[in-house]
Every structure is written in C-alpha cells, then in structure tokens.
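Have a look at work.pdb; it's PDB, C-alpha atoms, pLDDT in the B column:
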MODEL        1
ATOM      1  CA  ARG D   1     106.725 101.912 124.874  1.00 86.00           C
ATOM      2  CA  GLY D   2     108.674 105.070 125.533  1.00 86.00           C
ATOM      3  CA  THR D   3     111.529 104.433 123.100  1.00 93.00           C
ATOM      4  CA  PRO D   4     112.299 107.799 121.499  1.00 89.00           C
ATOM      5  CA  TYR D   5     111.524 108.716 117.907  1.00 92.00           C
ATOM      6  CA  ARG D   6     114.582 108.927 115.667  1.00 92.00           C
ATOM      7  CA  SER D   7     114.260 109.653 111.982  1.00 90.00           C
ATOM      8  CA  GLY D   8     115.656 106.791 109.894  1.00 90.00           C
ATOM      9  CA  ALA D   9     116.307 104.612 112.947  1.00 90.00           C
ATOM     10  CA  ALA D  10     115.330 100.987 113.536  1.00 93.00           C
ATOM     11  CA  SER D  11     116.762  99.918 116.887  1.00 93.00           C
ATOM     12  CA  PRO D  12     115.736  99.944 120.556  1.00 92.00           C
ATOM     13  CA  ARG D  13     117.755 103.173 120.950  1.00 94.00           C
ATOM     14  CA  GLY D  14     115.225 104.892 118.669  1.00 95.00           C
ATOM     15  CA  PHE D  15     112.720 104.194 115.893  1.00 96.00           C
ATOM     16  CA  ASP D  16     110.933 105.966 113.122  1.00 95.00           C
ATOM     17  CA  CYS D  17     107.507 104.501 112.298  1.00 96.00           C
ATOM     18  CA  SER D  18     108.558 101.997 109.647  1.00 96.00           C
ATOM     19  CA  GLY D  19     111.748 101.164 111.530  1.00 97.00           C
ATOM     20  CA  PHE D  20     109.582 100.176 114.478  1.00 97.00           C
ATOM     21  CA  THR D  21     107.236  97.959 112.434  1.00 98.00           C
ATOM     22  CA  SER D  22     110.189  96.361 110.606  1.00 97.00           C
ATOM     23  CA  TYR D  23     111.943  95.640 113.903  1.00 97.00           C
ATOM     24  CA  VAL D  24     108.849  94.084 115.521  1.00 97.00           C
ATOM     25  CA  PHE D  25     107.991  91.859 112.561  1.00 97.00           C
ATOM     26  CA  LYS D  26     111.630  90.771 112.185  1.00 97.00           C
ATOM     27  CA  LYS D  27     111.383  89.371 115.728  1.00 96.00           C
ATOM     28  CA  PHE D  28     108.682  87.037 114.341  1.00 94.00           C
ATOM     29  CA  GLY D  29     110.759  86.063 111.296  1.00 96.00           C
ATOM     30  CA  VAL D  30     108.900  88.349 108.877  1.00 97.00           C
ATOM     31  CA  ARG D  31     110.774  90.782 106.684  1.00 97.00           C
ATOM     32  CA  LEU D  32     109.025  94.056 105.842  1.00 97.00           C
ATOM     33  CA  ASP D  33     110.136  96.695 103.394  1.00 96.00           C
ATOM     34  CA  ARG D  34     111.813  99.563 105.225  1.00 93.00           C
ATOM     35  CA  CYS D  35     109.528 102.398 104.035  1.00 94.00           C
ATOM     36  CA  SER D  36     105.911 102.804 105.241  1.00 95.00           C
ATOM     37  CA  ARG D  37     104.592 103.442 101.729  1.00 92.00           C
ATOM     38  CA  ASP D  38     106.168 100.143 100.610  1.00 96.00           C
ATOM     39  CA  GLN D  39     105.020  98.137 103.635  1.00 97.00           C
ATOM     40  CA  VAL D  40     101.422  98.422 102.438  1.00 95.00           C
ATOM     41  CA  ASN D  41     102.416  95.939  99.713  1.00 96.00           C
ATOM     42  CA  ASN D  42     103.880  93.415 102.188  1.00 96.00           C
ATOM     43  CA  GLY D  43     100.526  91.879 103.006  1.00 96.00           C
ATOM     44  CA  ARG D  44      96.928  91.370 101.979  1.00 97.00           C
ATOM     45  CA  ARG D  45      94.794  94.496 102.141  1.00 97.00           C
ATOM     46  CA  VAL D  46      91.988  94.347 104.707  1.00 97.00           C
ATOM     47  CA  SER D  47      89.062  96.632 105.458  1.00 96.00           C
ATOM     48  CA  ARG D  48      88.662  98.483 108.749  1.00 95.00           C
ATOM     49  CA  SER D  49      85.890  96.093 109.799  1.00 95.00           C
ATOM     50  CA  GLU D  50      88.260  93.113 109.306  1.00 96.00           C
ATOM     51  CA  LEU D  51      91.137  94.481 111.403  1.00 98.00           C
ATOM     52  CA  LYS D  52      92.879  92.192 113.899  1.00 97.00           C
ATOM     53  CA  PRO D  53      95.773  92.747 116.281  1.00 98.00           C
ATOM     54  CA  GLY D  54      99.014  92.541 114.325  1.00 98.00           C
ATOM     55  CA  ASP D  55      97.667  94.175 111.166  1.00 98.00           C
ATOM     56  CA  LEU D  56      99.532  97.162 109.784  1.00 98.00           C
ATOM     57  CA  VAL D  57      97.588 100.438 109.512  1.00 98.00           C
ATOM     58  CA  PHE D  58      98.624 103.319 107.284  1.00 97.00           C
ATOM     59  CA  PHE D  59      98.092 107.061 107.434  1.00 96.00           C
ATOM     60  CA  ASN D  60      98.836 110.153 105.358  1.00 91.00           C
ATOM     61  CA  GLY D  61     101.868 112.083 106.410  1.00 80.00           C
ATOM     62  CA  ARG D  62     101.698 115.581 107.814  1.00 70.00           C
ATOM     63  CA  ALA D  63     101.149 117.034 104.348  1.00 64.00           C
ATOM     64  CA  ARG D  64      97.800 115.159 104.108  1.00 59.00           C
ATOM     65  CA  GLY D  65      98.426 114.208 100.507  1.00 66.00           C
ATOM     66  CA  LYS D  66      97.454 110.917  98.953  1.00 78.00           C
ATOM     67  CA  ARG D  67     100.764 109.402  99.951  1.00 88.00           C
ATOM     68  CA  ILE D  68     101.319 107.070 102.886  1.00 93.00           C
ATOM     69  CA  GLY D  69     103.580 108.684 105.444  1.00 92.00           C
ATOM     70  CA  HIS D  70     102.996 106.747 108.670  1.00 95.00           C
ATOM     71  CA  VAL D  71     102.448 103.142 109.798  1.00 98.00           C
ATOM     72  CA  GLY D  72     101.518 101.385 113.021  1.00 98.00           C
ATOM     73  CA  ILE D  73     100.529  97.940 114.307  1.00 98.00           C
ATOM     74  CA  VAL D  74      96.983  97.244 115.504  1.00 98.00           C
ATOM     75  CA  THR D  75      96.889  96.263 119.186  1.00 98.00           C
ATOM     76  CA  GLU D  76      93.110  96.210 119.629  1.00 98.00           C
ATOM     77  CA  ALA D  77      90.321  96.057 117.027  1.00 97.00           C
ATOM     78  CA  ASN D  78      86.761  96.827 118.037  1.00 95.00           C
ATOM     79  CA  GLY D  79      84.861  95.382 115.054  1.00 88.00           C
ATOM     80  CA  ASP D  80      83.264  98.740 114.274  1.00 94.00           C
ATOM     81  CA  GLY D  81      86.293 100.037 112.366  1.00 94.00           C
ATOM     82  CA  THR D  82      87.910 101.710 115.360  1.00 97.00           C
ATOM     83  CA  PHE D  83      91.182 100.410 116.723  1.00 98.00           C
ATOM     84  CA  LYS D  84      94.199 101.096 118.903  1.00 98.00           C
ATOM     85  CA  PHE D  85      97.661 100.851 117.446  1.00 98.00           C
ATOM     86  CA  ILE D  86     101.267 101.040 118.570  1.00 98.00           C
ATOM     87  CA  HIS D  87     103.655 103.169 116.552  1.00 97.00           C
ATOM     88  CA  SER D  88     106.624 105.497 116.767  1.00 97.00           C
ATOM     89  CA  ALA D  89     105.480 109.098 116.443  1.00 93.00           C
ATOM     90  CA  CYS D  90     107.653 112.221 116.219  1.00 88.00           C
ATOM     91  CA  SER D  91     105.986 113.761 119.245  1.00 85.00           C
ATOM     92  CA  ARG D  92     105.842 110.744 121.602  1.00 89.00           C
ATOM     93  CA  GLY D  93     108.170 108.023 120.413  1.00 94.00           C
ATOM     94  CA  VAL D  94     106.781 104.489 120.718  1.00 97.00           C
ATOM     95  CA  SER D  95     103.271 104.797 122.118  1.00 96.00           C
ATOM     96  CA  VAL D  96      99.705 103.558 121.693  1.00 97.00           C
ATOM     97  CA  SER D  97      97.143 105.760 119.951  1.00 97.00           C
ATOM     98  CA  ASN D  98      93.471 105.421 119.113  1.00 98.00           C
ATOM     99  CA  SER D  99      92.041 105.644 115.605  1.00 98.00           C
ATOM    100  CA  THR D 100      89.350 107.953 116.983  1.00 97.00           C
ATOM    101  CA  GLU D 101      91.900 110.692 117.735  1.00 96.00           C
ATOM    102  CA  SER D 102      91.214 113.500 115.255  1.00 93.00           C
ATOM    103  CA  TYR D 103      94.784 113.520 113.902  1.00 91.00           C
ATOM    104  CA  TYR D 104      94.620 109.844 112.924  1.00 94.00           C
ATOM    105  CA  ARG D 105      90.910 109.632 112.099  1.00 93.00           C
ATOM    106  CA  SER D 106      91.318 112.173 109.293  1.00 91.00           C
ATOM    107  CA  ARG D 107      94.514 110.585 107.921  1.00 93.00           C
ATOM    108  CA  TYR D 108      93.661 106.863 107.797  1.00 95.00           C
ATOM    109  CA  MET D 109      94.517 105.364 104.401  1.00 95.00           C
ATOM    110  CA  GLY D 110      94.188 101.601 104.773  1.00 96.00           C
ATOM    111  CA  ALA D 111      95.490  98.399 106.323  1.00 98.00           C
ATOM    112  CA  CYS D 112      97.120  95.117 105.431  1.00 98.00           C
ATOM    113  CA  ARG D 113      97.554  91.746 107.089  1.00 98.00           C
ATOM    114  CA  VAL D 114     101.104  90.417 106.924  1.00 97.00           C
ATOM    115  CA  ILE D 115     100.578  87.353 109.140  1.00 94.00           C
ATOM    116  CA  GLU D 116      97.435  85.304 108.532  1.00 87.00           C
TER     117      GLU D 116
ENDMDL
END
Can the structure from this file be put into structure tokens for me?
Amino acid sequence: RGTPYRSGAASPRGFDCSGFTSYVFKKFGVRLDRCSRDQVNNGRRVSRSELKPGDLVFFNGRARGKRIGHVGIVTEANGDGTFKFIHSACSRGVSVSNSTESYYRSRYMGACRVIE
C-alpha cells in the first residue's frame, strides 16, 4: 500500500493498475497480459457471487464506455456480490477500495479467476 501511481509503470517505485496486477501475479509465477482490457482473458470469468480473494475485477475507465479501463485484485469477498479490492488508482496509488463506493459500483464490468 502507498506505492504511488505511475502511468505505464510496473515496479515498486510506481504502478499503473495493470502493472500492479501483473507484478503481484508474477510473484506467484503467473504471467498476465500487461493491459487491463486483455487481463480479463487471462482467466475464467466468474460472477460477483462467486468472487474469492485473488480474483481480478474489472471496471470501466473514466469515460464510462463499454471498454475495460481499470483492474484490481479482490482482497475480501462477502458472498453478496460486494467486495474489497487492492489496486493502483491515479488519485491514491496502491490502496484498498470497496465495491460499494459509488465510483466503482457504477463502473463494475466483470471478474475472472486466474488461479483456481
């Protein structure tokens, strides 16, 4: 936590969202695509009610289009479709957020499980 956001970066000196997820999974011997919109294809899609810690969660970008623009890693799943996730955000760097926050609640696009 607290590592600053850096666009295009994937190291402990700074991360963008997909750089952070790629770095974390690489530590467990799993290679992810570098772009958030491609990482959705690196695992098996799961529903919100199936979420487990370690799953990747995807969100629209700031433009709110139909395109994935942000990714995080589930840290806590509540079974009711709500969850907490760790990610690297422009405003806060690496931090934990809650899916119930209005910004993320309205932008959720899906999830996938990379490690079974």
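The point (105.5, 114.2, 106.2) has these residues within 12 Å of it when only C-alpha atoms are used: Ser7, Cys17, Ser36, Arg37, Phe59, Asn60, Gly61, Arg62, Ala63, Arg64, Gly65, Lys66, Arg67, Ile68, Gly69, His70, Ala89, Cys90 and Arg107 of chain D.
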Could you list the residues chosen by the PyMOL selection byres ((chain D and resi 51-57) around 9) in this structure as an mmCIF file with C-alpha atoms, keeping the file's coordinate frame?
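Okay, expr_25.cif is ready:
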data_model
loop_
_atom_site.group_PDB
_atom_site.id
_atom_site.type_symbol
_atom_site.label_atom_id
_atom_site.label_comp_id
_atom_site.auth_asym_id
_atom_site.auth_seq_id
_atom_site.Cartn_x
_atom_site.Cartn_y
_atom_site.Cartn_z
ATOM 1 C CA THR D 21 107.236 97.959 112.434
ATOM 2 C CA GLN D 39 105.020 98.137 103.635
ATOM 3 C CA VAL D 40 101.422 98.422 102.438
ATOM 4 C CA GLY D 43 100.526 91.879 103.006
ATOM 5 C CA VAL D 46 91.988 94.347 104.707
ATOM 6 C CA SER D 47 89.062 96.632 105.458
ATOM 7 C CA ARG D 48 88.662 98.483 108.749
ATOM 8 C CA SER D 49 85.890 96.093 109.799
ATOM 9 C CA GLU D 50 88.260 93.113 109.306
ATOM 10 C CA PHE D 58 98.624 103.319 107.284
ATOM 11 C CA PHE D 59 98.092 107.061 107.434
ATOM 12 C CA HIS D 70 102.996 106.747 108.670
ATOM 13 C CA VAL D 71 102.448 103.142 109.798
ATOM 14 C CA GLY D 72 101.518 101.385 113.021
ATOM 15 C CA ILE D 73 100.529 97.940 114.307
ATOM 16 C CA VAL D 74 96.983 97.244 115.504
ATOM 17 C CA THR D 75 96.889 96.263 119.186
ATOM 18 C CA GLU D 76 93.110 96.210 119.629
ATOM 19 C CA ALA D 77 90.321 96.057 117.027
ATOM 20 C CA ASN D 78 86.761 96.827 118.037
ATOM 21 C CA GLY D 79 84.861 95.382 115.054
ATOM 22 C CA GLY D 81 86.293 100.037 112.366
ATOM 23 C CA THR D 82 87.910 101.710 115.360
ATOM 24 C CA PHE D 83 91.182 100.410 116.723
ATOM 25 C CA LYS D 84 94.199 101.096 118.903
ATOM 26 C CA PHE D 85 97.661 100.851 117.446
ATOM 27 C CA TYR D 108 93.661 106.863 107.797
ATOM 28 C CA MET D 109 94.517 105.364 104.401
ATOM 29 C CA GLY D 110 94.188 101.601 104.773
ATOM 30 C CA ALA D 111 95.490 98.399 106.323
ATOM 31 C CA CYS D 112 97.120 95.117 105.431
ATOM 32 C CA ARG D 113 97.554 91.746 107.089
ATOM 33 C CA VAL D 114 101.104 90.417 106.924
ATOM 34 C CA ILE D 115 100.578 87.353 109.140
#
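Here the question is which of D:His87, D:Arg31, D:Arg1, D:Arg45 gets nearest to Asp16 in chain D using all atoms listed in the file, and that residue is D:His87.
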Got a sec: who's within 10 Å of Asp38 in chain D, counting all atoms listed in the file, leaving out chain neighbours fewer than 4 positions off, as a PyMOL selection string?
chain D and resi 18+32-34+42+68
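Here CA of Asn41 in chain D is placed at a distance of 23.1 Å from CA of Ser97 in chain D.
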Mind giving me the straight-line distance from CA of Val94 in chain D to CA of Phe15 in chain D in Å, one decimal?
7.7 Å
Suppose you want the space between CA of Cys35 in chain D and CA of Tyr23 in chain D; what is it in Å?
12.2 Å
